[in-house]
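> File follows, work09.csv with CSV, C-alpha atoms and all ligand atoms:
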```csv
chain,number,residue,atom,x,y,z
A,1,LEU,CA,-131.9,288.5,42.9
A,2,ASP,CA,-128.8,289.4,40.9
A,3,ALA,CA,-129.4,291.2,37.7
A,4,VAL,CA,-128.5,289.0,34.8
A,5,ALA,CA,-127.8,290.4,31.4
A,6,PRO,CA,-130.0,288.8,28.7
A,7,GLN,CA,-128.2,286.3,26.5
A,8,ASP,CA,-128.5,288.4,23.3
A,9,VAL,CA,-126.6,291.3,24.7
A,10,ALA,CA,-124.1,289.3,26.7
A,11,PRO,CA,-120.8,288.8,24.9
A,12,PHE,CA,-120.3,285.3,23.4
A,13,ILE,CA,-117.0,284.7,25.1
A,14,ARG,CA,-116.1,286.6,28.3
A,15,ILE,CA,-112.7,286.5,29.9
A,16,GLU,CA,-113.1,288.1,33.2
A,17,GLY,CA,-110.1,289.2,35.3
A,18,VAL,CA,-108.1,286.2,34.3
A,19,THR,CA,-104.6,285.8,35.8
A,20,LYS,CA,-102.4,282.8,35.5
A,21,ARG,CA,-99.3,282.3,37.7
A,22,PHE,CA,-96.8,279.6,37.4
A,23,GLY,CA,-95.2,279.6,40.8
A,24,THR,CA,-94.2,283.2,41.4
A,25,PHE,CA,-94.2,284.0,37.7
A,26,THR,CA,-97.3,285.8,36.3
A,27,ALA,CA,-97.8,284.6,32.7
A,28,VAL,CA,-101.2,286.3,32.2
A,29,SER,CA,-102.2,289.3,34.3
A,30,SER,CA,-105.8,290.4,35.0
A,31,VAL,CA,-107.0,290.0,31.4
A,32,THR,CA,-110.6,291.0,30.7
A,33,LEU,CA,-111.9,290.6,27.1
A,34,ASP,CA,-115.3,290.2,25.4
A,35,ILE,CA,-115.4,288.4,22.2
A,36,LYS,CA,-118.4,288.6,19.9
A,37,LYS,CA,-120.1,285.7,18.2
A,38,GLY,CA,-118.8,285.0,14.7
A,39,GLU,CA,-115.8,287.2,14.9
A,40,ILE,CA,-112.1,286.4,14.2
A,41,PHE,CA,-110.3,287.7,17.2
A,42,ALA,CA,-106.5,287.8,17.3
A,43,LEU,CA,-104.2,287.6,20.4
A,44,LEU,CA,-101.1,289.4,19.1
A,45,GLY,CA,-97.8,289.7,20.9
A,46,GLY,CA,-94.2,288.8,21.0
A,47,SER,CA,-92.7,285.5,22.4
A,48,GLY,CA,-93.6,284.9,26.0
A,49,CYS,CA,-96.3,287.5,26.3
A,50,GLY,CA,-98.8,284.9,27.5
A,51,LYS,CA,-101.0,284.5,24.5
A,52,THR,CA,-100.7,280.7,24.3
A,53,THR,CA,-101.4,280.4,28.0
A,54,LEU,CA,-104.6,282.4,27.6
A,55,LEU,CA,-105.6,280.2,24.7
A,56,ARG,CA,-104.9,277.1,26.7
A,57,MET,CA,-107.1,278.4,29.5
A,58,LEU,CA,-110.0,278.9,27.1
A,59,ALA,CA,-109.4,275.3,25.9
A,60,GLY,CA,-109.3,274.0,29.4
A,61,PHE,CA,-105.7,272.8,29.3
A,62,GLU,CA,-104.8,275.2,32.0
A,63,THR,CA,-106.8,276.5,35.0
A,64,PRO,CA,-106.8,280.3,35.7
A,65,THR,CA,-105.3,281.2,39.0
A,66,GLU,CA,-107.8,284.0,39.3
A,67,GLY,CA,-110.8,285.0,37.2
A,68,ARG,CA,-113.5,283.3,35.1
A,69,ILE,CA,-114.1,282.3,31.5
A,70,PHE,CA,-117.6,282.2,30.1
A,71,ILE,CA,-118.5,280.6,26.7
A,72,ASP,CA,-122.0,281.3,25.4
A,73,GLY,CA,-123.1,282.4,28.8
A,74,GLN,CA,-121.8,279.3,30.6
A,75,ASP,CA,-119.1,279.5,33.3
A,76,MET,CA,-116.3,277.2,32.2
A,77,THR,CA,-114.7,277.0,35.7
A,78,GLY,CA,-114.3,273.3,36.5
A,79,VAL,CA,-115.5,272.2,33.0
A,80,PRO,CA,-112.8,269.8,31.6
A,81,ALA,CA,-111.4,270.4,28.2
A,82,TYR,CA,-113.3,267.6,26.5
A,83,GLU,CA,-116.6,268.9,27.7
A,84,ARG,CA,-116.1,272.4,26.4
A,85,PRO,CA,-117.7,273.6,23.2
A,86,VAL,CA,-114.1,274.5,22.0
A,87,HIS,CA,-111.6,273.0,19.7
A,88,MET,CA,-108.0,273.9,19.4
A,89,MET,CA,-106.1,273.6,16.2
A,90,PHE,CA,-102.4,273.2,16.9
A,91,GLN,CA,-99.6,274.8,15.0
A,92,SER,CA,-98.2,271.4,14.0
A,93,TYR,CA,-101.8,270.3,12.9
A,94,ALA,CA,-101.3,267.0,14.8
A,95,LEU,CA,-102.6,264.9,11.9
A,96,PHE,CA,-102.3,261.1,12.1
A,97,PRO,CA,-99.8,260.1,9.4
A,98,HIS,CA,-101.1,256.6,8.8
A,99,MET,CA,-104.7,257.7,8.4
A,100,THR,CA,-106.3,259.0,5.2
A,101,VAL,CA,-107.6,262.6,5.0
A,102,GLU,CA,-111.1,261.3,5.5
A,103,LYS,CA,-110.2,259.3,8.5
A,104,ASN,CA,-108.3,262.2,10.1
A,105,VAL,CA,-111.4,264.4,9.7
A,106,ALA,CA,-113.7,261.6,11.0
A,107,TYR,CA,-111.4,261.2,14.1
A,108,GLY,CA,-112.6,264.6,15.3
A,109,LEU,CA,-116.1,263.0,15.6
A,110,LYS,CA,-114.9,259.9,17.5
A,111,HIS,CA,-116.7,260.9,20.8
A,112,GLU,CA,-119.8,262.4,19.1
A,113,ARG,CA,-123.0,260.5,19.5
A,114,MET,CA,-124.1,260.1,15.9
A,115,THR,CA,-124.9,257.3,13.5
A,116,ASP,CA,-122.4,256.1,10.9
A,117,ALA,CA,-124.5,257.8,8.1
A,118,GLU,CA,-124.5,261.1,10.0
A,119,ARG,CA,-120.8,260.9,10.6
A,120,LYS,CA,-120.1,260.1,6.9
A,121,ALA,CA,-122.3,263.1,5.8
A,122,ARG,CA,-120.5,265.4,8.2
A,123,VAL,CA,-117.1,264.3,7.0
A,124,ARG,CA,-118.2,264.8,3.4
A,125,GLU,CA,-119.6,268.3,4.2
A,126,MET,CA,-116.3,269.3,6.0
A,127,LEU,CA,-114.2,268.1,3.1
A,128,GLU,CA,-116.3,270.1,0.7
A,129,LEU,CA,-116.0,273.1,2.9
A,130,VAL,CA,-112.2,273.0,2.7
A,131,GLN,CA,-112.2,271.8,-0.9
A,132,LEU,CA,-110.4,268.5,-0.3
A,133,THR,CA,-113.1,266.1,-1.5
A,134,GLN,CA,-110.8,264.7,-4.2
A,135,PHE,CA,-108.0,264.1,-1.7
A,136,SER,CA,-110.1,262.2,0.8
A,137,HIS,CA,-108.2,258.9,0.3
A,138,ARG,CA,-104.7,260.3,0.5
A,139,LYS,CA,-102.5,260.3,3.5
A,140,PRO,CA,-101.1,263.5,5.0
A,141,HIS,CA,-97.6,263.0,3.4
A,142,GLN,CA,-99.3,262.8,-0.1
A,143,ILE,CA,-100.7,266.3,0.1
A,144,SER,CA,-99.2,269.8,0.4
A,145,GLY,CA,-98.6,271.8,3.5
A,146,GLY,CA,-101.5,274.1,2.7
A,147,GLN,CA,-103.8,271.1,2.2
A,148,ARG,CA,-102.7,269.6,5.5
A,149,GLN,CA,-103.6,272.8,7.2
A,150,ARG,CA,-107.1,272.5,5.7
A,151,VAL,CA,-107.4,268.9,6.9
A,152,ALA,CA,-106.7,270.0,10.4
A,153,LEU,CA,-109.2,272.8,10.0
A,154,ALA,CA,-111.9,270.4,8.7
A,155,ARG,CA,-111.2,268.0,11.6
A,156,ALA,CA,-111.4,270.9,14.1
A,157,LEU,CA,-114.7,272.2,12.6
A,158,ALA,CA,-116.3,268.8,12.2
A,159,ARG,CA,-117.5,268.8,15.8
A,160,GLN,CA,-119.1,272.2,15.2
A,161,PRO,CA,-117.4,273.9,18.1
A,162,LYS,CA,-118.7,277.3,19.3
A,163,LEU,CA,-115.2,278.5,19.5
A,164,LEU,CA,-112.2,277.5,17.4
A,165,LEU,CA,-108.8,278.3,18.8
A,166,LEU,CA,-106.0,278.5,16.3
A,167,ASP,CA,-102.4,278.6,17.6
A,168,GLU,CA,-100.2,280.3,14.9
A,169,PRO,CA,-102.3,278.7,12.1
A,170,LEU,CA,-100.1,279.8,9.3
A,171,ALA,CA,-96.7,279.5,10.9
A,172,ALA,CA,-95.8,276.2,9.2
A,173,LEU,CA,-96.5,277.6,5.7
A,174,ASP,CA,-94.1,279.5,3.4
A,175,LYS,CA,-94.8,283.2,2.7
A,176,LYS,CA,-96.6,282.8,-0.6
A,177,LEU,CA,-98.9,280.0,0.6
A,178,ARG,CA,-99.5,281.9,3.8
A,179,GLU,CA,-101.0,284.9,2.0
A,180,HIS,CA,-103.3,282.6,0.0
A,181,THR,CA,-104.3,280.6,3.1
A,182,GLN,CA,-105.2,283.7,5.0
A,183,PHE,CA,-108.0,284.4,2.6
A,184,GLU,CA,-109.1,280.8,2.6
A,185,LEU,CA,-109.3,280.7,6.3
A,186,MET,CA,-111.4,283.9,6.3
A,187,ASP,CA,-113.7,282.4,3.7
A,188,ILE,CA,-114.2,279.2,5.7
A,189,GLN,CA,-114.8,281.2,8.8
A,190,ASP,CA,-117.4,283.2,7.0
A,191,LYS,CA,-119.2,280.1,5.6
A,192,THR,CA,-119.4,278.4,9.0
A,193,GLY,CA,-119.9,281.5,11.2
A,194,THR,CA,-117.7,279.9,13.9
A,195,THR,CA,-116.0,282.2,16.3
A,196,PHE,CA,-112.3,282.1,15.8
A,197,MET,CA,-109.6,283.0,18.2
A,198,VAL,CA,-106.2,283.2,16.6
A,199,VAL,CA,-102.8,283.4,18.4
A,200,THR,CA,-100.1,285.1,16.4
A,201,HIS,CA,-96.9,287.0,16.8
A,202,ASP,CA,-97.2,288.3,13.2
A,203,GLN,CA,-98.8,291.7,13.1
A,204,GLU,CA,-99.6,291.6,9.4
A,205,GLU,CA,-101.3,288.3,9.8
A,206,ALA,CA,-103.4,289.6,12.7
A,207,MET,CA,-104.3,292.7,10.7
A,208,ILE,CA,-105.5,290.8,7.6
A,209,LEU,CA,-107.2,287.9,9.4
A,210,SER,CA,-109.1,289.4,12.2
A,211,ASN,CA,-112.0,291.6,13.0
A,212,ARG,CA,-110.4,292.7,16.3
A,213,ILE,CA,-107.0,292.4,17.9
A,214,ALA,CA,-105.8,292.3,21.5
A,215,VAL,CA,-102.2,293.4,21.6
A,216,MET,CA,-100.5,291.7,24.6
A,217,ASP,CA,-97.2,292.4,26.4
A,218,LYS,CA,-95.8,290.8,29.5
A,219,GLY,CA,-99.1,289.0,30.3
A,220,GLU,CA,-101.2,292.1,29.9
A,221,VAL,CA,-103.6,293.3,27.2
A,222,LYS,CA,-102.3,296.7,26.1
A,223,GLN,CA,-105.1,297.6,23.6
A,224,VAL,CA,-108.1,296.0,22.0
A,225,GLY,CA,-109.5,297.3,18.7
A,226,THR,CA,-110.1,296.7,15.0
A,227,PRO,CA,-107.0,296.5,12.8
A,228,THR,CA,-107.6,300.2,11.8
A,229,GLU,CA,-108.0,301.4,15.4
A,230,ILE,CA,-104.8,299.6,16.5
A,231,TYR,CA,-102.8,300.9,13.5
A,232,GLU,CA,-104.2,304.5,13.2
A,233,TYR,CA,-105.0,305.2,16.9
A,234,PRO,CA,-102.5,303.3,19.1
A,235,ASP,CA,-102.8,304.5,22.6
A,236,SER,CA,-99.4,303.5,23.9
A,237,ARG,CA,-95.8,303.7,22.7
A,238,PHE,CA,-95.7,299.9,22.9
A,239,VAL,CA,-98.6,299.3,20.6
A,240,ALA,CA,-97.5,302.0,18.2
A,241,GLY,CA,-94.1,300.5,17.9
A,242,PHE,CA,-95.2,296.9,17.8
A,243,ILE,CA,-97.5,297.3,14.8
A,244,GLY,CA,-95.8,298.5,11.7
A,245,SER,CA,-92.8,300.9,11.4
A,246,ILE,CA,-92.8,304.2,13.2
A,247,THR,CA,-90.5,307.0,14.3
A,248,PHE,CA,-91.0,308.7,17.8
A,249,PHE,CA,-90.2,312.3,18.6
A,250,ASP,CA,-90.2,313.9,22.0
A,251,GLY,CA,-92.3,317.0,22.1
A,252,LYS,CA,-94.3,319.5,24.3
A,253,VAL,CA,-97.9,320.6,23.8
A,254,ALA,CA,-97.8,324.3,22.8
A,255,SER,CA,-101.6,324.8,22.5
A,256,VAL,CA,-104.8,322.9,22.0
A,257,THR,CA,-107.7,324.3,19.9
A,258,GLY,CA,-110.6,322.1,19.4
A,259,ASP,CA,-109.3,318.9,17.9
A,260,THR,CA,-106.0,320.3,16.8
A,261,ALA,CA,-102.9,320.5,18.9
A,262,MET,CA,-99.7,322.5,18.2
A,263,ILE,CA,-96.7,320.5,19.3
A,264,GLU,CA,-93.2,321.9,19.8
A,265,VAL,CA,-90.8,319.3,18.5
A,266,PRO,CA,-87.1,320.2,18.9
A,267,ASP,CA,-86.1,317.7,16.2
A,268,PHE,CA,-88.3,319.6,13.7
A,269,GLY,CA,-86.9,323.0,14.9
A,270,GLY,CA,-90.4,324.4,15.6
A,271,GLN,CA,-94.1,323.6,16.0
A,272,VAL,CA,-96.2,321.2,14.0
A,273,SER,CA,-99.9,320.6,14.0
A,274,ALA,CA,-101.4,317.3,15.1
A,275,ARG,CA,-104.8,315.7,15.8
A,276,ALA,CA,-105.4,316.3,19.5
A,277,ILE,CA,-106.1,313.4,21.8
A,278,PRO,CA,-108.4,313.7,24.8
A,279,GLY,CA,-107.0,315.1,28.1
A,280,ILE,CA,-103.9,316.9,26.8
A,281,SER,CA,-103.1,320.5,27.7
A,282,ALA,CA,-100.5,323.1,26.9
A,283,GLY,CA,-97.1,322.6,28.6
A,284,GLN,CA,-97.2,318.9,28.9
A,285,ASP,CA,-94.6,316.5,27.5
A,286,ILE,CA,-95.8,314.3,24.7
A,287,THR,CA,-94.5,311.9,22.1
A,288,LEU,CA,-95.3,312.5,18.5
A,289,ALA,CA,-95.1,309.4,16.2
A,290,LEU,CA,-95.0,309.2,12.4
A,291,ARG,CA,-95.4,306.2,10.1
A,292,PRO,CA,-93.2,306.1,7.0
A,293,GLU,CA,-96.1,306.0,4.5
A,294,LYS,CA,-97.8,309.0,6.0
A,295,ILE,CA,-95.1,311.4,5.1
A,296,ALA,CA,-94.8,313.1,1.8
A,297,ILE,CA,-91.3,313.8,0.4
A,298,GLY,CA,-90.5,316.4,-2.3
A,299,ARG,CA,-87.8,318.8,-3.5
A,300,THR,CA,-89.7,322.0,-3.0
A,301,LYS,CA,-91.2,323.4,0.2
A,302,PRO,CA,-94.8,322.4,0.4
A,303,GLU,CA,-97.7,324.6,1.4
A,304,GLY,CA,-99.2,324.0,4.8
A,305,PRO,CA,-98.1,323.9,8.4
A,306,ASN,CA,-96.1,320.7,8.7
A,307,ALA,CA,-93.1,321.1,6.5
A,308,ILE,CA,-89.7,319.9,7.7
A,309,GLU,CA,-86.4,320.1,5.9
A,310,GLY,CA,-83.8,317.3,5.8
A,311,THR,CA,-81.2,315.5,3.8
A,312,VAL,CA,-81.4,312.1,2.2
A,313,ASP,CA,-79.1,309.9,4.3
A,314,ASP,CA,-80.0,306.5,2.8
A,315,LEU,CA,-82.2,305.1,0.2
A,316,GLY,CA,-83.7,301.7,-0.6
A,317,TYR,CA,-85.7,300.8,-3.8
A,318,PHE,CA,-88.3,298.0,-3.5
A,319,GLY,CA,-89.9,298.2,-6.9
A,320,LYS,CA,-93.3,299.6,-6.1
A,321,ASP,CA,-91.9,302.0,-3.5
A,322,SER,CA,-88.8,303.5,-2.1
A,323,LEU,CA,-87.7,303.9,1.5
A,324,TYR,CA,-85.8,307.2,2.3
A,325,LYS,CA,-83.9,307.7,5.5
A,326,VAL,CA,-84.0,311.4,5.9
A,327,LYS,CA,-81.7,313.2,8.4
A,328,LEU,CA,-83.1,316.2,10.1
A,329,GLY,CA,-81.2,319.3,11.3
A,330,SER,CA,-81.0,317.8,14.7
A,331,GLY,CA,-79.3,314.7,13.4
A,332,LYS,CA,-82.3,312.5,14.0
A,333,VAL,CA,-83.2,310.1,11.1
A,334,LEU,CA,-86.8,309.7,9.9
A,335,SER,CA,-88.0,306.9,7.6
A,336,VAL,CA,-90.2,307.9,4.7
A,337,LEU,CA,-91.9,305.5,2.3
A,338,SER,CA,-92.7,306.9,-1.1
A,339,VAL,CA,-94.6,305.1,-3.8
A,340,ASN,CA,-93.4,305.3,-7.4
A,341,GLY,CA,-89.8,305.9,-6.4
A,342,ARG,CA,-87.4,305.3,-9.2
A,343,ARG,CA,-84.2,303.3,-9.4
A,344,VAL,CA,-80.7,304.7,-9.4
A,345,GLY,CA,-79.8,305.9,-12.9
A,346,GLU,CA,-83.4,306.3,-14.1
A,347,GLY,CA,-83.4,309.9,-13.2
A,348,GLU,CA,-87.0,310.2,-12.1
A,349,ARG,CA,-86.5,309.6,-8.4
A,350,VAL,CA,-87.9,312.1,-6.0
A,351,ALA,CA,-84.4,312.6,-4.5
A,352,ASP,CA,-81.0,311.1,-4.4
A,353,TRP,CA,-78.4,310.6,-1.6
A,354,GLU,CA,-77.4,313.8,0.0
A,355,ASP,CA,-80.2,315.8,-1.6
A,356,ARG,CA,-82.0,318.4,0.4
A,357,VAL,CA,-85.7,317.4,0.7
A,358,TRP,CA,-88.9,318.7,2.2
A,359,LEU,CA,-91.1,316.4,4.3
A,360,SER,CA,-94.7,317.1,5.2
A,361,PHE,CA,-97.5,315.3,6.8
A,362,ASP,CA,-101.2,315.7,7.4
A,363,PRO,CA,-102.1,316.8,11.0
A,364,GLY,CA,-104.3,313.7,11.2
A,365,ALA,CA,-101.4,311.4,10.4
A,366,ALA,CA,-99.4,312.3,13.4
A,367,ILE,CA,-100.0,310.0,16.4
A,368,LEU,CA,-99.8,311.6,19.8
A,369,LEU,CA,-98.9,309.5,22.8
A,370,THR,CA,-98.8,310.6,26.4
B,401,LIG,P1,-94.7,282.1,22.2
B,401,LIG,O1,-95.1,282.9,21.0
B,401,LIG,O2,-93.2,282.1,22.3
B,401,LIG,O3,-95.3,280.8,22.3
B,401,LIG,P2,-96.5,283.1,24.2
B,401,LIG,O4,-96.9,284.5,24.2
B,401,LIG,O5,-97.5,282.1,23.6
B,401,LIG,O6,-95.1,283.0,23.5
B,401,LIG,P3,-96.8,281.6,26.6
B,401,LIG,O7,-96.5,280.3,26.0
B,401,LIG,O8,-98.2,281.9,27.0
B,401,LIG,O9,-96.2,282.8,25.7
B,401,LIG,O10,-95.9,281.8,27.9
B,401,LIG,C1,-95.9,282.9,28.7
B,401,LIG,C2,-94.9,282.8,29.8
B,401,LIG,O11,-95.2,281.8,30.7
B,401,LIG,C3,-93.5,282.4,29.3
B,401,LIG,O12,-92.5,283.1,29.9
B,401,LIG,C4,-93.4,280.9,29.6
B,401,LIG,O13,-92.1,280.5,29.8
B,401,LIG,C5,-94.2,280.8,30.8
B,401,LIG,N1,-94.9,279.5,31.0
B,401,LIG,C6,-95.8,279.0,30.1
B,401,LIG,N2,-96.2,277.7,30.5
B,401,LIG,C7,-95.5,277.5,31.7
B,401,LIG,C8,-95.5,276.4,32.6
B,401,LIG,N3,-96.3,275.3,32.4
B,401,LIG,N4,-94.7,276.5,33.7
B,401,LIG,C9,-94.0,277.6,33.9
B,401,LIG,N5,-93.9,278.7,33.1
B,401,LIG,C10,-94.7,278.6,32.0
```
Would you give me this structure, written as structure tokens?

Amino acid sequence: LDAVAPQDVAPFIRIEGVTKRFGTFTAVSSVTLDIKKGEIFALLGGSGCGKTTLLRMLAGFETPTEGRIFIDGQDMTGVPAYERPVHMMFQSYALFPHMTVEKNVAYGLKHERMTDAERKARVREMLELVQLTQFSHRKPHQISGGQRQRVALARALARQPKLLLLDEPLAALDKKLREHTQFELMDIQDKTGTTFMVVTHDQEEAMILSNRIAVMDKGEVKQVGTPTEIYEYPDSRFVAGFIGSITFFDGKVASVTGDTAMIEVPDFGGQVSARAIPGISAGQDITLALRPEKIAIGRTKPEGPNAIEGTVDDLGYFGKDSLYKVKLGSGKVLSVLSVNGRRVGEGERVADWEDRVWLSFDPGAAILLT
């Protein structure tokens, strides 16, 4: 007998070695992912990286060329889309313009075996969940974009899917509404406990919305982790560069002592101290990466090991913070984000154009990449 993992320890969604080829082109390449019950999981990547194709395979709109997909322990191979416990919410929402909000939501239950009373009760419950009860008799063109998104969500959740797939759920909304809607979406997910899988190319959206993120590139999953793990501990240059802003430096490992590594960085004109990563040893080439907000900037030389001198090359003021482009002795320019920066003429700024400045960073803030 094959050993079968008990249901309660098996992942809720399992994508096992899934590859999708269109002719000779590989859109999704050997992807293996486990998704937990009740989590918001994001597939994040640039255009054409294969995230939508992966979502469509979960929905049953595409068949994997290789590999298998399990939902709640059930192998989905050969299960048609309409028989899967999955619902997909499209970017365009695909609402029926001639139907009221209520009818649009009820449409999601068309194929469900339930009495009229049960159907009515479910629709009412869904409209309450998305706080649209008072708009139930309006048509889609009589409500706002954000409200339309909630109608689509109510319709998608009405069937109580085990997995809700959301393709760029906030893309149709303007920036302000998007921020608000993110929190609404999280709240609704929390209330229903439905597992959400979100496709997005927007890293901030993925960071805010999801419990875990899979970063994809050219059909492959590059890294899976919580937003903090992905941001603070990227394990490749691709992931480090894709999420947030960062500057890379070529270096060489000088020594490793416990969890601290001394790195020789020619652009810094000497050695700096960084949090070591497993498996590195003296003499090897390494990339050191720094995020703008992890670097302190000042006029005087700071105490501590990681002090670098430079000149302010450019400066931008954003209100709550300022971005400095600091030119190092080597000519390399490093971005530094400093809170409480002051505007030109107000005289309280950390530094001005052409000023000599000192930069410093905590060893734990330096990201090492092999
Ligand atoms: P976007 O954000 O632009 O939608 P994506 O990451 O969702 O990008 P996919 O739509 O999954 O990307 O497409 C991945 C690759 O597979 C693309 O190069 C695309 O052209 C190709 N592709 C997708 N569907 C098909 C198809 N039916 N036939 C041939 N190639 C396809």
> Using only C-alpha atoms, can you list as a list in words the residues within 9 Å of (-88.1, 322.7, 12.9)?
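Answer for this query, in the requested form: Glu264, Val265, Pro266, Asp267, Phe268, Gly269, Gly270, Gln271, Val272, Ala307, Ile308, Glu309, Leu328, Gly329 and Ser330 of chain A.
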> With distances taken over all atoms listed in the file, which of A:Leu165, A:Ala172, A:Val28, A:Cys49 is nearest to ligand LIG 401 (chain B)?
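Among A:Leu165, A:Ala172, A:Val28, A:Cys49, it is A:Cys49 that comes nearest to ligand LIG 401 (chain B).
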> Rank A:Leu109, A:Met216, A:Leu334, A:Ala42 by their smallest atom-to-atom distance to ligand LIG 401 (chain B), using only C-alpha atoms and all ligand atoms, and report the top residue only.
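Result for the nearest residue to ligand LIG 401 (chain B): A:Met216.
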> How many Å separate atom CA of Arg356 of chain A from atom CA of Lys320 of chain A?
22.9 Å
> For the atom pair atom CA of Gly225 of chain A and atom CA of Leu44 of chain A, what is the interatomic distance in Å to one decimal place?
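About the pair atom CA of Gly225 of chain A and atom CA of Leu44 of chain A: they are 11.5 Å apart.
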> Set the cut-off to 8 Å, count all atoms listed in the file, and list whatever residues fall near ligand LIG 401 (chain B) as number ranges by chain.
A: 21-23, 25-28, 45-55, 199-201, 218-219
> What does the distance from atom CA of Asp187 of chain A to atom CA of Ala158 of chain A come to in Å, to one decimal?
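Taking atom CA of Asp187 of chain A and atom CA of Ala158 of chain A, their separation equals 16.2 Å.
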> Here is a test: counting only C-alpha atoms, which residue of A:Ala106, A:Gln142, A:Ser30, A:Thr133 is nearest to Lys222 of chain A?
A:Ser30
> Applying 6 Å and all atoms listed in the file, which residues near Ile15 of chain A remain after dropping the ones on its own chain fewer than 6 positions away? List them as a PyMOL selection string.
chain A and resi 32-33+69
> Just checking: using all atoms listed in the file, which residue out of A:Ile277, A:Ile367, A:Val198, A:Leu359 ends up closest to Ala289 of chain A?
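Residue with the minimum atom-to-atom distance to Ala289 of chain A: A:Ile367.
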> Would you kindly return, as a compact mmCIF listing (two decimals) with C-alpha atoms, keeping the file's coordinate frame, each protein, DNA or RNA residue with an atom no farther than 8 Å from any atom of His87 of chain A, considering all atoms listed in the file and excluding same-chain residues fewer than 5 positions away?

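around.txt, written as the output of this step:
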```txt
# COMPACT_ATOMS: atom_id res chain seq x y z
CA ALA A 59 -109.40 275.30 25.90
CA ALA A 156 -111.40 270.90 14.10
CA LEU A 157 -114.70 272.20 12.60
CA PRO A 161 -117.40 273.90 18.10
CA LEU A 163 -115.20 278.50 19.50
CA LEU A 164 -112.20 277.50 17.40
CA LEU A 165 -108.80 278.30 18.80
```
> So, counting all atoms listed in the file, which residue among A:Gly17, A:Val123, A:Leu129, A:Leu166 is closest to Arg56 of chain A?
A:Leu166
> List the spatial neighbours of Glu112 of chain A as a list of chain:residue names - criterion: any atom at most 10 Å away, all atoms listed in the file, same-chain residues fewer than 5 positions off excluded.
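Counting only the stated atoms, we get A:Tyr107, A:Arg119, A:Arg159.
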> Got a sec: who's within 7 Å of Ser322 of chain A, counting only C-alpha atoms, leaving out chain neighbours fewer than 4 positions off, as a ChimeraX atom specification?
/A:316-318,337-339,341
> Restrict the selected residues to C-alpha atoms and save them as a PDB file, keeping the file's coordinate frame.

```
ATOM      1  CA  GLY A 316     -83.700 301.700  -0.600  1.00  0.00           C
ATOM      2  CA  TYR A 317     -85.700 300.800  -3.800  1.00  0.00           C
ATOM      3  CA  PHE A 318     -88.300 298.000  -3.500  1.00  0.00           C
ATOM      4  CA  LEU A 337     -91.900 305.500   2.300  1.00  0.00           C
ATOM      5  CA  SER A 338     -92.700 306.900  -1.100  1.00  0.00           C
ATOM      6  CA  VAL A 339     -94.600 305.100  -3.800  1.00  0.00           C
ATOM      7  CA  GLY A 341     -89.800 305.900  -6.400  1.00  0.00           C
TER       8      GLY A 341
END
```
> Which is closest to Gln149 of chain A among A:Ser92, A:Gln203, A:Asn104, A:Ser136, if we use only C-alpha atoms?
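Of A:Ser92, A:Gln203, A:Asn104, A:Ser136, the one nearest Gln149 of chain A is A:Ser92, counting only C-alpha atoms.
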> Residues at most 7 Å from Val151 of chain A, counting only C-alpha atoms, excluding those fewer than 4 positions away in the same chain, as a ChimeraX atom specification?
/A:101,105,147,155
> Please identify all polymer residues lying at most 9 Å from the point (-96.4, 324.8, 26.1) (file coordinates), using all atoms listed in the file, and present the result as a list in words.
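Residues with an atom at most 9 Å from (-96.4, 324.8, 26.1): Lys252, Val253, Ala254, Ser255, Met262, Ile263, Glu264, Ser281, Ala282, Gly283, Gln284 and Asp285 of chain A.
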